[in-house]
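This report concerns only the one structure given below.
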Amino acid sequence: MELREFFSEDAIKLDLEGTGKDEILKELIALLKLDEKSEGMLFKMLKRRENLGSTGIGRGIAIPHCRSLVVNKLRVAFGRKPNGVDFKAIDEKPVHFFFLIVAPPLEVSNQYLPVLGKIAQFSKEPDVPERLLGLTEPKQFLALLEEKGV
Amino acid sequence: MIAVEPMATAIILSSFGLLLGASVALSRASARLGLPVALLFLLVGVLAGTEGFGGIPFDDYAFTFRLGTTALALILFDGGLNTSWTSARSVLAPATVLATFGVLATAGLVAAVAHVIGLSWTMALLLGAIVSSTDAAAVFSVLTATGTRLRQRVGMTLEVESGLNDPMAVILTTALTAALASGHMVKPAALAIAVARELSVGVVSGLTIAFVGRWMLLRIRLPAAGLYPAFTLSVACLSFGVTTLLHGSGFLAVYVTGVVLGSGTLPHAVGIRRVHDALGWLSQVLMFLLLGLLVYPSRVWQVAPIGVGIALFLAVVARPLVTAVCLAPFRYRWREAAYVGWVGLRGAVPIVLATIPIMAGVEGARPLFDVVFVVVVVGALVPGATVPWATRVLGVESAAPPPPKSSVEIDVRAPKGDALNAYFISPHLAVSGAALSEIPFPAGAAVSMLERAGGLIAPSGATRLEPGDYVYVIAPPGQRGEVELLFGRAEEH
């Protein structure tokens, strides 16, 4: 299983516009192209997880995630905010890169935790924040995932 | 009959043992009665005193002041050790405003009422200053006893405010006592300069002593683990003592020193915290017992109407009003501000401060002491007894799960930053329902123990995490982000 398999170009946005945590979450959700009601439900679930502690793991990276009935297979999205926003990250620094993961409540393939682990592992690579900042189009993001072999 | 040694010492120790034991045993009643535990200690003291069943003749105000001051310093140091700087920082501004302008405004409002009742302005201001500081320990003793947890912002505001507001009350009381004793009026400009000096010297000295103390603690190698708390005790004493000698606020310094030491890495941190926790409790019991011994119920009865009136004005009007104004710029919800205003309970500080004018020979100081006693007791009874109710009605109860029943901590001489933390398994976590073998732990991290329904489980790879479990995760330094990505925020010790 490789991360590249889960991302598609239309779920990547390199110029997020939101200036706060909630706005960013809504923009990421919009990348999954769900109906309005599902978007609202997903937002609530993501907020519940964030209330247990921010998913901002430091180094400018956050991985908001949850399980929700609004998807029937694991969905992911990537967003970038070059100026960064306050996401109450663990290092208290602004977050620039957001990986959204949404899994259905019951998964036959059990991919949720492995994908979460792989994104966390990818985020720890020393050059990743700089490389992500230098992306000019979504294709380069996919190429970076392939290059890193995660 | 004058007892000879060792009988004299034996009598003192027996009496002390009896009073201490009775106080500790009575502390259990705090939960049932919903009253601050300190009030029960005070009651034991009153019952043991001159006009109580014990008939112990005691009226040594100087000794009480000295012991009370030492006890307060130790309680503040322990409070600081248990205050996380990360959490405290977010409420530092509102707590500072409450601890400075709030204390001044409360003192002013109480003084106005006391003046209307018939006290001279200086005496009225002295009374206002004495009763102006709050004691979070009084609130937390009720909350802990009833198993209630406050929302972090509200709890931290009360805690940090009470850690910071004693200095202001002490400075005002000392200055007004000096004015009354000498017959000169207090000059507001001189008082403002003194306050600024005391607070700034207090902060700088407290920080300096804390950093030097921590530097030494991390470098010296002591022959026994029990000597480390002895060293931190010396740091606390030096922080209070040296700062006071430098004309700074020792109370502020010792709290700041505690916060700095508690927020960093310490050798044998678990042992240090345990010892200071015990010292804090011992200080509370001793202080309230002694203050209780000083009380003559027949004299208190004479000033009861005035005391009750002032206590009710303080609890119902002055404190809520001052809190609402002080917190207005900080976007607190009205329910949060109302709660902070209502549960600003008074503790031992006012009674200790009330001994200052007596020692200085200020005329009318003894009745003032009795009034202060009534204010503290009524203040603890009225808002104190309603703490659990107010917490529910104003909706400031934390939604966080109850803390784990077990406690596992690492106690090492040379901490390398490895952390063992407890995490509550919420159904909203990715790991909820997963087997441990399926969880992508960061390198070096693992679940060391699991608490389920109050019982302990030695986990294996096949163990599945269930909502409601508590897991203890050990992780090397630098892995906190990834661990909290999986398990959420750690429970605070």
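Residues in the structure tokens are numbered from 1 in each chain, the chains being A, B, ... in the order shown, and ligands are numbered from 1 in the order shown.
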| message | as a ChimeraX atom specification, could you give me every residue of chain A near chain B (at most 9 Å apart, counting only C-alpha atoms)? | response | /A:45-46,48-58,62-67,89-91,112-114,116-118,120-121
Spatial neighbours of Asp135 in chain B, max dist 7 Å, only C-alpha atoms, sep filter under 3 positions, as a short mmCIF file (atom, residue, chain, number, x, y, z; two decimals) with all heavy atoms, in the first residue's frame:
```cif
data_model
loop_
_atom_site.label_atom_id
_atom_site.label_comp_id
_atom_site.auth_asym_id
_atom_site.auth_seq_id
_atom_site.Cartn_x
_atom_site.Cartn_y
_atom_site.Cartn_z
N ALA B 138 -9.39 26.57 48.22
CA ALA B 138 -10.70 26.39 48.86
C ALA B 138 -11.72 25.87 47.84
O ALA B 138 -12.49 24.97 48.13
CB ALA B 138 -11.17 27.70 49.46
N SER B 162 -5.38 33.26 42.13
CA SER B 162 -5.13 33.14 43.57
C SER B 162 -3.64 32.97 43.87
O SER B 162 -3.19 33.31 44.96
CB SER B 162 -5.93 31.98 44.16
OG SER B 162 -5.33 30.77 43.82
N LEU B 345 -13.52 32.30 46.55
CA LEU B 345 -13.56 32.09 48.01
C LEU B 345 -12.34 32.67 48.72
O LEU B 345 -11.25 32.73 48.14
CB LEU B 345 -13.63 30.59 48.30
CG LEU B 345 -15.02 29.97 48.42
CD1 LEU B 345 -15.84 30.19 47.17
CD2 LEU B 345 -14.90 28.49 48.72
N ARG B 346 -12.53 33.09 49.95
CA ARG B 346 -11.40 33.57 50.77
C ARG B 346 -10.83 32.37 51.51
O ARG B 346 -11.57 31.46 51.90
CB ARG B 346 -11.83 34.62 51.79
CG ARG B 346 -12.80 35.66 51.31
CD ARG B 346 -12.19 36.66 50.37
NE ARG B 346 -12.91 36.65 49.10
CZ ARG B 346 -12.66 37.49 48.11
NH1 ARG B 346 -11.69 38.37 48.22
NH2 ARG B 346 -13.34 37.44 46.99
N GLY B 347 -9.53 32.42 51.76
CA GLY B 347 -8.90 31.31 52.47
C GLY B 347 -8.22 31.81 53.72
O GLY B 347 -8.75 32.68 54.43
#
```
| task | Please report, as a ChimeraX atom specification, each residue of range 27-105 of chain A to which DSSP assigns strand (DSSP E or B) when run on this structure's backbone. | result | /A:56-58,61-62,65-67,75-85,95-103
Can I get the residues of range 419-485 of chain B within 12 Å of range 261-285 of chain B, each with the closest pair of atoms and their distance in Å to one decimal, using only C-alpha atoms, sorted chain first then ascending number, as CSV?
```
residue,atom,partner,partner_atom,distance
B:Ala419,CA,B:Thr265,CA,10.7
B:Leu420,CA,B:Val270,CA,11.9
B:Pro477,CA,B:Thr265,CA,11.8
```
Could those selected residues go to a file with N, CA, C and O atoms, as a PDB file, in the first residue's frame?
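Final output, result_15.pdb:
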```pdb
ATOM      1  N   ALA B 419       8.781  10.309  28.179  1.00  0.00           N
ATOM      2  CA  ALA B 419       7.566  10.653  28.906  1.00  0.00           C
ATOM      3  C   ALA B 419       6.642   9.463  29.015  1.00  0.00           C
ATOM      4  O   ALA B 419       6.528   8.665  28.082  1.00  0.00           O
ATOM      5  N   LEU B 420       6.015   9.300  30.174  1.00  0.00           N
ATOM      6  CA  LEU B 420       4.987   8.286  30.359  1.00  0.00           C
ATOM      7  C   LEU B 420       3.705   9.046  30.665  1.00  0.00           C
ATOM      8  O   LEU B 420       3.604   9.702  31.696  1.00  0.00           O
ATOM      9  N   PRO B 477      11.743  11.437  23.804  1.00  0.00           N
ATOM     10  CA  PRO B 477      11.539  12.857  23.526  1.00  0.00           C
ATOM     11  C   PRO B 477      11.369  13.102  22.030  1.00  0.00           C
ATOM     12  O   PRO B 477      11.915  12.379  21.205  1.00  0.00           O
TER      13      PRO B 477
END
```
| task | Identify, with DSSP run on backbone atoms, the residues in range 65-297 of chain B assigned to helix (DSSP H, G or I), and express the list as a PyMOL selection string. | result | chain B and resi 65-81+85-89+92-117+121-130+136-145+152-182+188-219+227-245+250-263+269-293+297
| remark: note - CA of Leu293 in chain B and CA of Asp60 in chain B are separated by 9.6 Å
| request: Within 12 Å of Glu17 in chain A, counting only C-alpha atoms, which residues show up once you throw out same-chain ones fewer than 3 positions away? Write them as number ranges by chain, please. | output: A: 13-14, 20-28, 79-85, 96
I want to know what sits within 6 Å of range 104-120 of chain B, based on only C-alpha atoms, with residues of the same chain fewer than 6 positions away left out; could you give that as a short mmCIF file (atom, residue, chain, number, x, y, z; two decimals) with N, CA and C atoms, in the first residue's frame?
```cif
data_model
loop_
_atom_site.label_atom_id
_atom_site.label_comp_id
_atom_site.auth_asym_id
_atom_site.auth_seq_id
_atom_site.Cartn_x
_atom_site.Cartn_y
_atom_site.Cartn_z
N GLY B 128 -10.71 46.18 53.79
CA GLY B 128 -10.88 45.85 52.37
C GLY B 128 -9.66 45.12 51.83
N ALA B 129 -8.47 45.64 52.18
CA ALA B 129 -7.23 45.02 51.68
C ALA B 129 -7.06 43.61 52.22
N SER B 132 -9.28 41.00 50.46
CA SER B 132 -9.41 41.12 49.01
C SER B 132 -8.82 39.97 48.18
N ALA B 318 -19.51 42.91 45.43
CA ALA B 318 -18.16 43.39 45.09
C ALA B 318 -17.39 42.44 44.15
#
```
